[in-house]
file data28.csv (CSV, C-alpha atoms)
chain,number,residue,atom,x,y,z
P,26,MET,CA,107.9,-157.4,99.0
P,27,GLU,CA,108.0,-156.1,95.4
P,28,PHE,CA,110.4,-153.8,93.8
P,29,TYR,CA,109.9,-152.1,90.4
P,30,THR,CA,112.8,-152.1,88.0
P,31,LYS,CA,111.0,-150.2,85.3
P,32,PRO,CA,109.5,-146.7,86.0
P,33,GLY,CA,106.2,-147.8,84.5
P,34,ASP,CA,105.9,-150.5,87.2
P,35,TYR,CA,106.0,-148.0,90.0
P,36,ASP,CA,102.8,-147.7,92.0
P,37,PRO,CA,103.0,-144.6,94.1
P,38,ILE,CA,100.2,-145.4,96.4
P,39,ASN,CA,101.2,-148.9,97.4
P,40,TYR,CA,105.0,-148.7,97.1
P,41,VAL,CA,106.6,-149.6,100.4
P,42,PRO,CA,110.4,-149.9,100.5
P,43,HIS,CA,111.8,-152.9,102.3
P,44,GLN,CA,112.9,-152.1,105.9
P,45,ALA,CA,115.4,-154.3,107.5
P,46,SER,CA,115.7,-154.6,111.2
P,47,HIS,CA,118.7,-152.8,112.6
P,48,GLY,CA,118.5,-154.7,116.0
P,49,THR,CA,117.6,-153.2,119.3
P,50,LYS,CA,121.0,-152.1,120.5
P,51,GLU,CA,120.7,-148.5,119.3
P,52,LEU,CA,117.2,-148.2,120.7
P,53,TRP,CA,118.2,-149.3,124.2
P,54,LYS,CA,121.2,-147.0,124.1
P,55,THR,CA,118.9,-144.1,123.3
P,56,PHE,CA,116.5,-145.1,126.0
P,57,TRP,CA,119.2,-145.0,128.7
P,58,LEU,CA,120.5,-141.7,127.3
P,59,LEU,CA,117.0,-140.1,127.5
P,60,LEU,CA,116.5,-141.5,131.0
P,61,GLY,CA,120.0,-140.3,132.1
P,62,ILE,CA,119.4,-136.8,130.8
P,63,THR,CA,115.9,-136.6,132.5
P,64,ILE,CA,117.5,-137.6,135.9
P,65,LEU,CA,120.2,-135.1,135.3
P,66,ASP,CA,117.5,-132.4,134.7
P,67,PHE,CA,116.0,-133.4,138.0
P,68,ILE,CA,119.3,-133.2,139.9
P,69,ILE,CA,120.4,-129.9,138.3
P,70,TYR,CA,117.1,-128.3,139.3
P,71,PHE,CA,117.9,-128.9,143.0
P,72,VAL,CA,121.6,-128.5,142.9
P,73,MET,CA,121.9,-125.2,140.9
P,74,PRO,CA,120.1,-122.0,142.0
P,75,ALA,CA,117.7,-120.6,139.4
P,76,SER,CA,119.7,-118.6,136.8
P,77,GLY,CA,120.0,-117.9,133.1
P,78,LEU,CA,122.8,-120.5,132.8
P,79,ARG,CA,120.6,-123.1,134.4
P,80,ASN,CA,117.8,-122.3,131.8
P,81,VAL,CA,120.4,-122.6,129.0
P,82,ILE,CA,121.4,-126.0,130.3
P,83,PHE,CA,117.8,-127.2,130.5
P,84,ILE,CA,117.1,-126.0,126.9
P,85,PHE,CA,120.3,-127.6,125.7
P,86,PHE,CA,119.3,-130.9,127.3
P,87,GLY,CA,115.9,-130.6,125.7
P,88,ILE,CA,117.4,-130.2,122.3
P,89,VAL,CA,119.7,-133.2,122.9
P,90,LYS,CA,116.7,-135.3,123.9
P,91,ALA,CA,114.8,-134.1,120.8
P,92,TYR,CA,117.8,-135.0,118.6
P,93,TYR,CA,117.8,-138.6,119.9
P,94,ILE,CA,114.0,-139.1,119.7
P,95,VAL,CA,113.8,-137.8,116.2
P,96,GLY,CA,117.1,-139.4,115.0
P,97,ALA,CA,116.9,-142.9,116.6
P,98,PHE,CA,113.2,-143.5,117.6
P,99,MET,CA,111.7,-141.8,114.5
P,100,HIS,CA,114.5,-143.2,112.4
P,101,LEU,CA,115.2,-139.9,110.7
P,102,LYS,CA,119.0,-140.5,110.9
P,103,HIS,CA,118.6,-143.4,108.6
P,104,GLU,CA,116.2,-141.8,106.1
P,105,LYS,CA,117.4,-140.0,102.9
P,106,ILE,CA,119.0,-136.6,103.7
P,107,ASN,CA,116.6,-134.7,101.5
P,108,LEU,CA,113.6,-136.0,103.5
P,109,ALA,CA,115.4,-135.1,106.8
P,110,LEU,CA,116.1,-131.6,105.5
P,111,ILE,CA,112.5,-130.7,104.4
P,112,ILE,CA,111.4,-131.7,107.9
P,113,LEU,CA,114.1,-130.1,109.9
P,114,VAL,CA,114.9,-126.9,108.1
P,115,PRO,CA,111.4,-125.2,108.5
P,116,THR,CA,111.6,-125.8,112.3
P,117,VAL,CA,114.8,-123.8,112.5
P,118,PHE,CA,112.7,-120.7,111.8
P,119,ILE,CA,110.7,-121.2,114.9
P,120,VAL,CA,113.8,-120.4,116.9
P,121,GLY,CA,114.0,-117.0,115.3
P,122,LEU,CA,110.3,-116.4,116.1
P,123,VAL,CA,110.9,-117.4,119.7
P,124,MET,CA,113.8,-115.0,120.1
P,125,GLY,CA,111.9,-112.2,118.5
P,126,LEU,CA,108.8,-112.6,120.6
P,127,LEU,CA,110.7,-113.0,123.8
P,128,TYR,CA,112.4,-109.7,123.1
P,129,GLU,CA,109.1,-108.0,122.4
P,130,GLY,CA,107.5,-109.6,125.4
P,131,ASN,CA,110.3,-108.2,127.6
P,132,ALA,CA,109.7,-104.7,126.0
P,133,ILE,CA,106.0,-104.9,126.8
P,134,SER,CA,106.7,-105.8,130.5
P,135,LEU,CA,108.9,-102.7,130.8
P,136,MET,CA,106.1,-100.5,129.5
P,137,LYS,CA,103.3,-101.9,131.6
F,261,MET,CA,117.5,-160.9,94.8
F,262,ALA,CA,115.4,-158.2,96.3
F,263,ASN,CA,118.4,-156.1,97.1
F,264,GLN,CA,119.6,-156.3,93.5
F,265,ALA,CA,116.2,-155.1,92.2
F,266,GLU,CA,116.2,-152.4,94.8
F,267,ALA,CA,119.7,-151.3,93.7
F,268,THR,CA,118.5,-151.1,90.0
F,269,PHE,CA,115.5,-149.1,91.1
F,270,GLU,CA,117.7,-146.7,93.2
F,271,LYS,CA,119.7,-145.8,90.1
F,272,GLN,CA,116.8,-144.2,88.3
F,273,PRO,CA,116.8,-140.4,88.2
F,274,MET,CA,115.4,-139.0,91.4
F,275,TRP,CA,113.0,-136.3,90.3
F,276,SER,CA,111.8,-137.5,86.9
F,277,GLY,CA,108.9,-139.5,88.3
F,278,GLY,CA,108.3,-143.2,88.4
F,279,ARG,CA,110.0,-143.6,91.8
F,280,SER,CA,109.7,-142.3,95.3
F,281,PRO,CA,112.4,-139.5,95.6
F,282,PHE,CA,112.6,-139.9,99.4
F,283,ASN,CA,112.5,-143.7,99.2
F,284,VAL,CA,109.6,-143.8,101.6
F,285,SER,CA,106.0,-144.9,101.1
F,286,TYR,CA,103.2,-142.4,100.4
F,287,GLY,CA,101.7,-142.9,103.9
F,288,LYS,CA,104.9,-142.4,105.8
F,289,LEU,CA,105.8,-139.3,103.9
F,290,MET,CA,102.3,-137.9,104.6
F,291,MET,CA,102.7,-138.7,108.3
F,292,TRP,CA,105.9,-136.8,108.4
F,293,ILE,CA,104.3,-133.8,106.7
F,294,PHE,CA,101.4,-133.9,109.2
F,295,LEU,CA,103.9,-134.0,112.1
F,296,LEU,CA,105.7,-131.0,110.7
F,297,SER,CA,102.4,-129.1,110.6
F,298,ASP,CA,101.6,-130.3,114.1
F,299,ALA,CA,105.1,-129.1,115.2
F,300,PHE,CA,104.1,-125.6,114.1
F,301,THR,CA,100.8,-125.8,116.0
F,302,PHE,CA,102.7,-126.7,119.2
F,303,SER,CA,105.4,-124.1,118.5
F,304,SER,CA,102.8,-121.4,118.2
F,305,LEU,CA,101.5,-122.3,121.6
F,306,LEU,CA,104.9,-122.4,123.2
F,307,VAL,CA,105.9,-119.1,121.5
F,308,GLN,CA,102.8,-117.5,123.0
F,309,TYR,CA,103.8,-118.9,126.4
F,310,GLY,CA,107.3,-117.5,126.1
F,311,ALA,CA,106.0,-114.0,125.0
F,312,GLN,CA,103.4,-113.9,127.8
F,313,ARG,CA,105.9,-115.0,130.4
F,314,PHE,CA,108.5,-112.4,129.3
F,315,SER,CA,105.8,-109.7,129.4
F,316,ASN,CA,105.1,-110.5,133.0
F,317,ILE,CA,108.5,-110.0,134.5
F,318,GLU,CA,108.1,-108.4,137.9
F,319,THR,CA,107.7,-104.6,137.9
F,320,ALA,CA,106.0,-102.2,140.2
F,321,VAL,CA,102.6,-103.1,138.6
F,322,THR,CA,102.8,-106.7,137.6
F,323,THR,CA,103.4,-109.7,139.8
F,324,GLN,CA,106.1,-112.1,139.1
F,325,TRP,CA,105.5,-115.2,137.0
F,326,PRO,CA,105.4,-118.0,139.5
F,327,ASP,CA,108.1,-120.7,139.6
F,328,PRO,CA,106.2,-123.6,138.1
F,329,ALA,CA,108.1,-126.5,139.7
F,330,SER,CA,107.3,-125.3,143.2
F,331,ILE,CA,103.6,-125.1,142.3
F,332,PHE,CA,103.4,-128.7,140.9
F,333,ASN,CA,104.9,-130.1,144.1
F,334,HIS,CA,102.4,-132.9,144.8
F,335,PHE,CA,102.7,-136.6,144.5
F,336,PRO,CA,99.8,-139.1,144.8
F,337,PHE,CA,99.4,-140.8,148.2
F,338,MET,CA,101.9,-138.3,149.7
F,339,HIS,CA,99.5,-135.6,150.7
F,340,GLY,CA,100.8,-132.3,151.8
F,341,LEU,CA,104.5,-133.0,151.2
F,342,HIS,CA,106.7,-130.6,149.2
F,343,LEU,CA,108.0,-132.7,146.3
F,344,PRO,CA,108.6,-130.4,143.4
F,345,LEU,CA,109.2,-131.9,140.0
F,346,LEU,CA,109.0,-135.5,141.2
F,347,PHE,CA,105.6,-136.3,139.7
F,348,VAL,CA,106.4,-134.7,136.3
F,349,SER,CA,109.6,-136.7,136.2
F,350,VAL,CA,107.7,-139.9,136.8
F,351,MET,CA,105.3,-138.9,133.9
F,352,THR,CA,108.3,-138.2,131.7
F,353,PHE,CA,109.7,-141.6,132.6
F,354,ILE,CA,106.4,-143.3,131.7
F,355,LEU,CA,106.4,-141.6,128.3
F,356,ILE,CA,110.0,-142.5,127.6
F,357,VAL,CA,109.3,-146.1,128.5
F,358,SER,CA,106.2,-146.3,126.3
F,359,SER,CA,108.3,-144.7,123.5
F,360,VAL,CA,110.9,-147.4,123.7
F,361,THR,CA,108.2,-150.2,123.7
F,362,MET,CA,106.7,-148.6,120.6
F,363,VAL,CA,110.0,-148.6,118.8
F,364,LEU,CA,110.5,-152.2,119.8
F,365,ALA,CA,107.2,-153.0,118.2
F,366,VAL,CA,108.3,-151.3,115.0
F,367,GLU,CA,111.6,-153.3,115.1
F,368,ALA,CA,109.5,-156.5,115.7
F,369,GLY,CA,107.4,-155.5,112.7
F,370,HIS,CA,110.5,-155.3,110.5
F,371,ARG,CA,111.1,-159.0,111.4
F,372,ASN,CA,107.4,-159.8,110.7
F,373,SER,CA,107.1,-161.2,114.2
F,374,LYS,CA,103.3,-160.8,114.9
F,375,LYS,CA,103.5,-162.1,118.5
F,376,GLU,CA,106.2,-159.6,119.5
F,377,VAL,CA,104.4,-156.7,117.8
F,378,GLN,CA,101.3,-157.5,119.8
F,379,LYS,CA,103.2,-157.7,123.1
F,380,TYR,CA,105.0,-154.4,122.6
F,381,MET,CA,101.8,-152.7,121.4
F,382,ILE,CA,100.0,-153.7,124.6
F,383,TYR,CA,102.9,-152.2,126.7
F,384,THR,CA,102.7,-149.0,124.7
F,385,ILE,CA,99.0,-148.7,125.1
F,386,LEU,CA,99.3,-149.3,128.8
F,387,GLY,CA,102.0,-146.6,129.1
F,388,GLY,CA,99.8,-144.1,127.3
F,389,ILE,CA,96.9,-144.8,129.6
F,390,ALA,CA,99.1,-144.5,132.6
F,391,PHE,CA,100.4,-141.1,131.4
F,392,LEU,CA,96.8,-139.9,130.8
F,393,SER,CA,95.8,-141.0,134.3
F,394,CYS,CA,98.8,-139.1,135.8
F,395,GLN,CA,97.8,-136.0,133.9
F,396,ALA,CA,94.2,-136.2,135.0
F,397,TRP,CA,95.4,-136.4,138.6
F,398,GLU,CA,97.7,-133.5,138.2
F,399,TRP,CA,94.9,-131.3,136.6
F,400,ALA,CA,92.5,-132.3,139.4
F,401,THR,CA,95.1,-131.3,142.1
F,402,PHE,CA,95.9,-128.0,140.3
F,403,ILE,CA,92.2,-127.1,140.0
F,404,HIS,CA,91.6,-128.0,143.6
F,405,GLU,CA,94.3,-125.6,144.6
F,406,GLY,CA,92.5,-122.8,142.8
F,407,ALA,CA,93.7,-122.7,139.2
F,408,ARG,CA,91.2,-121.6,136.6
F,409,LEU,CA,91.2,-120.9,132.9
F,410,ASP,CA,90.3,-117.3,133.4
F,411,SER,CA,92.1,-116.4,136.6
F,412,ASN,CA,95.3,-117.3,138.4
F,413,PHE,CA,95.7,-117.4,142.1
F,414,PHE,CA,99.3,-118.3,141.9
F,415,GLY,CA,100.8,-114.8,142.1
F,416,ILE,CA,103.3,-115.7,144.8
F,417,THR,CA,104.0,-112.9,147.2
F,418,GLU,CA,107.3,-112.1,148.9
F,419,GLN,CA,106.1,-114.0,152.0
F,420,GLY,CA,105.1,-116.9,149.8
F,421,TYR,CA,108.6,-117.1,148.3
F,422,LYS,CA,110.2,-117.0,151.8
F,423,HIS,CA,107.8,-119.8,152.8
F,424,LEU,CA,108.8,-121.8,149.8
F,425,GLU,CA,112.5,-121.3,150.5
F,426,SER,CA,112.1,-122.4,154.1
F,427,VAL,CA,110.8,-125.9,153.2
F,428,SER,CA,113.1,-128.5,151.7
F,429,PHE,CA,112.4,-131.5,149.6
F,430,GLY,CA,109.9,-133.9,151.3
F,431,ASP,CA,108.9,-131.4,154.1
F,432,HIS,CA,105.2,-130.7,154.9
F,433,PHE,CA,103.9,-127.8,152.9
F,434,GLU,CA,100.6,-125.9,152.7
F,435,TRP,CA,99.9,-122.5,151.3
F,436,GLN,CA,99.4,-119.9,154.2
F,437,ASP,CA,97.2,-116.8,154.0
F,438,GLY,CA,99.1,-114.1,152.3
F,439,ASP,CA,101.4,-116.5,150.4
F,440,ARG,CA,99.4,-116.0,147.2
F,441,THR,CA,97.7,-113.2,145.4
F,442,TRP,CA,96.2,-112.8,141.9
F,443,GLY,CA,99.0,-113.4,139.4
F,444,PRO,CA,99.3,-113.2,135.7
F,445,VAL,CA,96.3,-114.9,134.1
F,446,PRO,CA,98.1,-116.6,131.2
F,447,PHE,CA,100.1,-118.8,133.7
F,448,ALA,CA,97.2,-121.1,134.5
F,449,ALA,CA,95.3,-120.6,131.2
F,450,LEU,CA,98.3,-121.6,129.0
F,451,PHE,CA,99.1,-124.5,131.3
F,452,PHE,CA,95.7,-125.9,130.8
F,453,ILE,CA,95.7,-125.2,127.0
F,454,VAL,CA,99.1,-126.6,126.3
F,455,THR,CA,99.1,-129.7,128.5
F,456,GLY,CA,95.5,-130.2,127.5
F,457,PHE,CA,96.4,-130.1,123.9
F,458,HIS,CA,99.3,-132.4,124.5
F,459,GLY,CA,97.0,-134.8,126.5
F,460,PHE,CA,94.5,-134.8,123.6
F,461,HIS,CA,97.4,-135.9,121.3
F,462,VAL,CA,98.3,-138.7,123.8
F,463,PHE,CA,94.7,-139.7,123.9
F,464,SER,CA,94.4,-139.9,120.1
F,465,GLY,CA,97.7,-141.7,120.0
F,466,VAL,CA,96.3,-144.3,122.4
F,467,VAL,CA,93.2,-144.7,120.1
F,468,ILE,CA,95.5,-145.1,117.0
F,469,ASN,CA,97.6,-147.7,118.8
F,470,VAL,CA,94.5,-149.6,119.9
F,471,VAL,CA,93.2,-149.6,116.3
F,472,VAL,CA,96.6,-150.8,115.0
F,473,TYR,CA,96.8,-153.4,117.7
F,474,ILE,CA,93.4,-154.8,116.7
F,475,MET,CA,94.5,-154.9,113.1
F,476,THR,CA,97.7,-156.8,114.1
F,477,VAL,CA,95.7,-159.3,116.1
F,478,ARG,CA,93.3,-159.9,113.1
F,479,GLY,CA,96.3,-160.5,110.9
F,480,VAL,CA,95.8,-157.6,108.5
F,481,PHE,CA,99.5,-156.8,108.3
F,482,GLU,CA,100.5,-160.4,108.1
F,483,ARG,CA,98.4,-160.7,105.0
F,484,ARG,CA,99.7,-157.4,103.6
F,485,GLY,CA,103.3,-158.7,104.0
F,486,HIS,CA,104.7,-155.7,105.9
F,487,TYR,CA,104.1,-154.0,109.2
F,488,GLU,CA,104.5,-150.4,108.0
F,489,MET,CA,101.3,-149.2,109.7
F,490,ILE,CA,103.1,-149.8,113.1
F,491,GLU,CA,105.8,-147.5,111.9
F,492,LYS,CA,103.4,-144.8,111.0
F,493,ALA,CA,101.6,-145.0,114.4
F,494,GLY,CA,105.0,-145.1,116.0
F,495,LEU,CA,106.0,-141.8,114.3
F,496,TYR,CA,103.0,-140.2,115.8
F,497,TRP,CA,103.6,-141.7,119.2
F,498,HIS,CA,107.2,-140.5,119.2
F,499,PHE,CA,106.1,-137.0,118.2
F,500,VAL,CA,103.9,-136.9,121.2
F,501,ASP,CA,107.0,-137.8,123.3
F,502,LEU,CA,109.0,-135.1,121.6
F,503,VAL,CA,106.4,-132.5,122.4
F,504,TRP,CA,106.4,-133.6,126.0
F,505,VAL,CA,110.2,-133.0,126.1
F,506,PHE,CA,109.6,-129.3,125.4
F,507,VAL,CA,106.5,-129.0,127.6
F,508,PHE,CA,108.5,-130.5,130.4
F,509,THR,CA,111.4,-128.1,129.8
F,510,PHE,CA,109.4,-124.9,129.4
F,511,PHE,CA,106.4,-125.5,131.7
F,512,TYR,CA,108.0,-127.3,134.6
F,513,LEU,CA,111.8,-126.8,134.7
F,514,ILE,CA,112.3,-123.2,133.7
call {"tool": "encode", "arguments": {"input": "data28.csv", "output": "structure tokens"}}
result
Amino acid sequence: MEFYTKPGDYDPINYVPHQASHGTKELWKTFWLLLGITILDFIIYFVMPASGLRNVIFIFFGIVKAYYIVGAFMHLKHEKINLALIILVPTVFIVGLVMGLLYEGNAISLMK
Amino acid sequence: MANQAEATFEKQPMWSGGRSPFNVSYGKLMMWIFLLSDAFTFSSLLVQYGAQRFSNIETAVTTQWPDPASIFNHFPFMHGLHLPLLFVSVMTFILIVSSVTMVLAVEAGHRNSKKEVQKYMIYTILGGIAFLSCQAWEWATFIHEGARLDSNFFGITEQGYKHLESVSFGDHFEWQDGDRTWGPVPFAALFFIVTGFHGFHVFSGVVINVVVYIMTVRGVFERRGHYEMIEKAGLYWHFVDLVWVFVFTFFYLI
């Protein structure tokens, strides 16, 4: 593992920062959490009658699962904040697109 | 010693060149950018699904969008039983397990433990193959029941809904005449397109994992001094899992 102390020594193609192992404790915790939420999804589907609230719960659980996969498994929680932001901020706009097109889709169904 | 050198390096101005501003390697940054663009690809498919679904809410003219979980109610070796959501949950479980073995391989790579990396990569590859097999079975069953890309025989009638409501989990169930009619076409079409596209990603993930596994066995990373390639393959593999979380939510649960 090499590190460059002078800017001229920096080789942008082959530079690989040293990654230390953080142990497996967090990873197993995330695994049990994802498994638990999936089982909860399964239970809620049968216990609760279909409703808007149930859909909101499912989407909320989906976002929680996504947070743990991206944060712990993909290690984004431990990356620099500016890297995390350039990846996460653009995806926020998708939510707006979804809202807009669901509204428009609903309007189309009323005119059919 | 290395830490001291790293600290000196970290103190250099971030954006004036001569260092990696995100403190990641070139390959890993490019993998993240690729995943971002892939996220947009999947989003466009899911957005289309949402818009199509909302434009097919039951009116006097259009049939209702079918409840997906009650259509995917089969389980291998339990023919004819009504087991909604069970098989998809098993598939989700397989993908979560293969995700955790992947991340364990990455962690083993940080400790430069070639043996453990090999072991966990094998588990991950097996998980991927198991998931693909499940998906093939599900597609075959769905097509056998009458789903096509260009038509959808899952417009469930009032009688069909009564029939579905009358059976409980684990009961015998088979579609009766008059249960189904022609429904909104995008239901089956988008199911095939989105799960197919996701399955293709799983397939390419398995191929990438096999390549990385062979490189590990041949000692490429040992000679290189770091196992970063496992991390890059891992990022892709976790992304596939991430997409499945949303496919599972929107195509099966809701």
call {"tool": "interface_residues", "arguments": {"input": "data28.csv", "of": "chain P", "to": "chain F", "cutoff": "6 Å", "atoms": "all atoms listed in the file", "output": "PyMOL selection string"}}
result
chain P and resi 30+32+35+38+40-41+45-46+80+91+99+105+108+123+126-127+130-131+133-134
call {"tool": "atom_distance", "arguments": {"input": "data28.csv", "atom1": "atom CA of Phe86 of chain P", "atom2": "atom CA of Gly415 of chain F"}}
result
28.6 Å
call {"tool": "atom_distance", "arguments": {"input": "data28.csv", "atom1": "atom CA of Ile111 of chain P", "atom2": "atom CA of Asp36 of chain P"}}
result
23.2 Å
call {"tool": "residues_around", "arguments": {"input": "data28.csv", "residues": "Arg440 of chain F", "least_positions_apart": "6", "cutoff": "7 Å", "atoms": "all atoms listed in the file", "output": "PDB file with C-alpha atoms, in the coordinates of the input"}}
result
ATOM      1  CA  PHE F 413      95.700-117.400 142.100  1.00  0.00           C
ATOM      2  CA  PHE F 414      99.300-118.300 141.900  1.00  0.00           C
ATOM      3  CA  GLY F 415     100.800-114.800 142.100  1.00  0.00           C
ATOM      4  CA  ILE F 416     103.300-115.700 144.800  1.00  0.00           C
ATOM      5  CA  THR F 417     104.000-112.900 147.200  1.00  0.00           C
ATOM      6  CA  GLY F 420     105.100-116.900 149.800  1.00  0.00           C
TER       7      GLY F 420
END
call {"tool": "closest_residue", "arguments": {"input": "data28.csv", "among": "F:Tyr380, F:Trp275, F:Phe302, F:Phe347", "to": "Ile331 of chain F", "atoms": "all atoms listed in the file"}}
result
F:Phe347
call {"tool": "atom_distance", "arguments": {"input": "data28.csv", "atom1": "atom CA of Gly456 of chain F", "atom2": "atom CA of Val470 of chain F"}}
result
20.9 Å
call {"tool": "closest_residue", "arguments": {"input": "data28.csv", "among": "F:Pro446, F:Ile385, F:Leu343, F:Phe452", "to": "Ile468 of chain F", "atoms": "all atoms listed in the file"}}
result
F:Ile385
call {"tool": "axis_aligned_box", "arguments": {"input": "data28.csv", "around": "segment 91-95 of chain P", "padding_each_side": "3 Å", "output": "lines of an AutoDock Vina configuration file"}}
result
center_x = 115.8
center_y = -136.6
center_z = 118.5
size_x = 10.0
size_y = 11.0
size_z = 10.6
call {"tool": "residues_around", "arguments": {"input": "data28.csv", "residues": "Phe98 of chain P", "least_positions_apart": "2", "cutoff": "7 Å", "atoms": "all atoms listed in the file", "output": "PyMOL selection string"}}
result
(chain P and resi 52+94-96+100) or (chain F and resi 363+498)
